[in-house]
$ cat entry27.pdb   # PDB, C-alpha atoms
ATOM      1  CA  MET A  20     -26.110  27.107 -16.723
ATOM      2  CA  PRO A  21     -26.099  24.429 -13.999
ATOM      3  CA  VAL A  22     -29.079  23.961 -11.721
ATOM      4  CA  GLY A  23     -28.752  25.965  -8.501
ATOM      5  CA  GLY A  24     -26.579  28.675 -10.051
ATOM      6  CA  GLY A  25     -23.277  26.985  -9.166
ATOM      7  CA  ALA A  26     -20.082  27.510 -11.099
ATOM      8  CA  GLN A  27     -19.369  25.238 -14.018
ATOM      9  CA  PRO A  28     -16.678  22.635 -13.340
ATOM     10  CA  SER A  29     -13.268  23.383 -14.756
ATOM     11  CA  SER A  30     -11.552  20.957 -17.096
ATOM     12  CA  ALA A  31      -8.172  21.721 -15.488
ATOM     13  CA  PRO A  32      -6.978  19.423 -12.695
ATOM     14  CA  PRO A  33      -6.894  20.871  -9.162
ATOM     15  CA  TRP A  34      -3.649  22.491  -8.042
ATOM     16  CA  GLN A  35      -3.181  19.859  -5.313
ATOM     17  CA  PHE A  36      -3.036  17.145  -7.949
ATOM     18  CA  LEU A  37      -0.457  19.104  -9.929
ATOM     19  CA  VAL A  38       1.741  19.530  -6.831
ATOM     20  CA  ARG A  39       1.547  15.792  -6.082
ATOM     21  CA  ALA A  40       2.280  14.903  -9.694
ATOM     22  CA  ALA A  41       5.300  17.207  -9.709
ATOM     23  CA  ALA A  42       6.598  15.608  -6.488
ATOM     24  CA  VAL A  43       6.293  12.100  -7.940
ATOM     25  CA  VAL A  44       7.918  13.096 -11.238
ATOM     26  CA  THR A  45      10.752  14.871  -9.416
ATOM     27  CA  GLY A  46      11.342  11.899  -7.123
ATOM     28  CA  LEU A  47      11.301   9.406  -9.982
ATOM     29  CA  THR A  48      13.609  11.605 -12.050
ATOM     30  CA  LEU A  49      16.088  11.747  -9.190
ATOM     31  CA  LEU A  50      15.940   7.988  -8.683
ATOM     32  CA  LEU A  51      15.933   6.823 -12.301
ATOM     33  CA  ILE A  52      17.822   9.419 -14.311
ATOM     34  CA  VAL A  53      20.121  11.246 -11.900
ATOM     35  CA  ASP A  54      20.912   8.070  -9.900
ATOM     36  CA  VAL A  55      21.196   9.920  -6.599
ATOM     37  CA  ARG A  56      22.935   8.587  -3.513
ATOM     38  CA  GLY A  57      22.961   9.461   0.179
ATOM     39  CA  ALA A  58      20.541  12.056   1.536
ATOM     40  CA  ALA A  59      19.196  12.876  -1.939
ATOM     41  CA  PHE A  60      18.069   9.238  -2.245
ATOM     42  CA  TYR A  61      15.935   9.601   0.881
ATOM     43  CA  ILE A  62      14.591  12.971  -0.276
ATOM     44  CA  ALA A  63      13.537  11.425  -3.596
ATOM     45  CA  TRP A  64      11.702   8.595  -1.837
ATOM     46  CA  ALA A  65      10.171  11.028   0.666
ATOM     47  CA  LEU A  66       8.724  13.088  -2.199
ATOM     48  CA  ILE A  67       7.137  10.002  -3.738
ATOM     49  CA  VAL A  68       5.782   8.580  -0.477
ATOM     50  CA  LEU A  69       4.468  11.965   0.702
ATOM     51  CA  ALA A  70       2.657  12.543  -2.596
ATOM     52  CA  LEU A  71       1.066   9.097  -2.512
ATOM     53  CA  ALA A  72       0.116   9.377   1.171
ATOM     54  CA  THR A  73      -1.525  12.777   0.733
ATOM     55  CA  GLU A  74      -3.382  11.531  -2.344
ATOM     56  CA  GLY A  75      -4.656   8.596  -0.314
ATOM     57  CA  ALA A  76      -5.733  10.896   2.516
ATOM     58  CA  ALA A  77      -7.499  13.240   0.094
ATOM     59  CA  THR A  78      -9.292  10.306  -1.509
ATOM     60  CA  LEU A  79     -10.402   9.027   1.900
ATOM     61  CA  VAL A  80     -11.736  12.470   2.894
ATOM     62  CA  TYR A  81     -13.585  12.786  -0.430
ATOM     63  CA  TRP A  82     -15.036   9.301  -0.077
ATOM     64  CA  ARG A  83     -16.237   9.935   3.501
ATOM     65  CA  ARG A  84     -17.770  13.313   2.619
ATOM     66  CA  SER A  85     -19.575  11.884  -0.393
ATOM     67  CA  ARG A  86     -21.022   9.120   1.791
ATOM     68  CA  GLU A  87     -22.181  11.663   4.391
ATOM     69  CA  ASP A  88     -23.852  13.765   1.676
ATOM     70  CA  ARG A  89     -25.784  10.728   0.478
ATOM     71  CA  GLY A  90     -26.818   9.893   4.062
ATOM     72  CA  VAL A  91     -25.133   6.482   4.104
TER      73      VAL A  91
END
$ encode --input "entry27.pdb" --output "structure tokens"
Amino acid sequence: MPVGGGAQPSSAPPWQFLVRAAAVVTGLTLLLIVDVRGAAFYIAWALIVLALATEGAATLVYWRRSREDRGV
């Protein structure tokens, strides 16, 4: 049992990561396999860019919170 009585960490990735991964895979599938054109092309790129941008934002928030916890 962990110190402090907290829950043990799960080995499964967080649901947010799975949603982002699905968006990237869907976008890449549309671009590379389906060879979309027109509005679908922009939707595919939007999925990829949105997933990467939200991952970057989540990483920044995590980084800032971890620095605040350490008192840096």
$ atom_distance --input "entry27.pdb" --atom1 "CA of Tyr61 (chain A)" --atom2 "CA of Gly46 (chain A)"
9.5 Å
$ resolve_selection --input "entry27.pdb" --expression "the PyMOL selection byres ((chain A and resi 37-43) around 6)" --output "list of chain:residue names"
A:Trp34, A:Gln35, A:Phe36, A:Val44, A:Thr45, A:Gly46, A:Leu66, A:Ile67, A:Ala70
$ atom_distance --input "entry27.pdb" --atom1 "CA of Glu87 (chain A)" --atom2 "CA of Thr73 (chain A)"
21.0 Å
$ closest_residue --input "entry27.pdb" --among "A:Ser85, A:Thr78, A:Leu47, A:Pro33" --to "Ala65 (chain A)" --atoms "all atoms listed in the file"
A:Leu47
$ atom_distance --input "entry27.pdb" --atom1 "CA of Trp64 (chain A)" --atom2 "CA of Thr48 (chain A)"
10.8 Å
$ axis_aligned_box --input "entry27.pdb" --around "region 53-56 of chain A" --padding-each-side "6 Å" --output "AutoDock Vina command-line options"
--center_x 21.5 --center_y 9.7 --center_z -7.7 --size_x 14.8 --size_y 15.2 --size_z 20.4
$ residues_around --input "entry27.pdb" --residues "Ala59 (chain A)" --least-positions-apart "4" --cutoff "9 Å" --atoms "all atoms listed in the file" --output "list of chain:residue names"
A:Leu49, A:Leu50, A:Val55, A:Ala63, A:Trp64
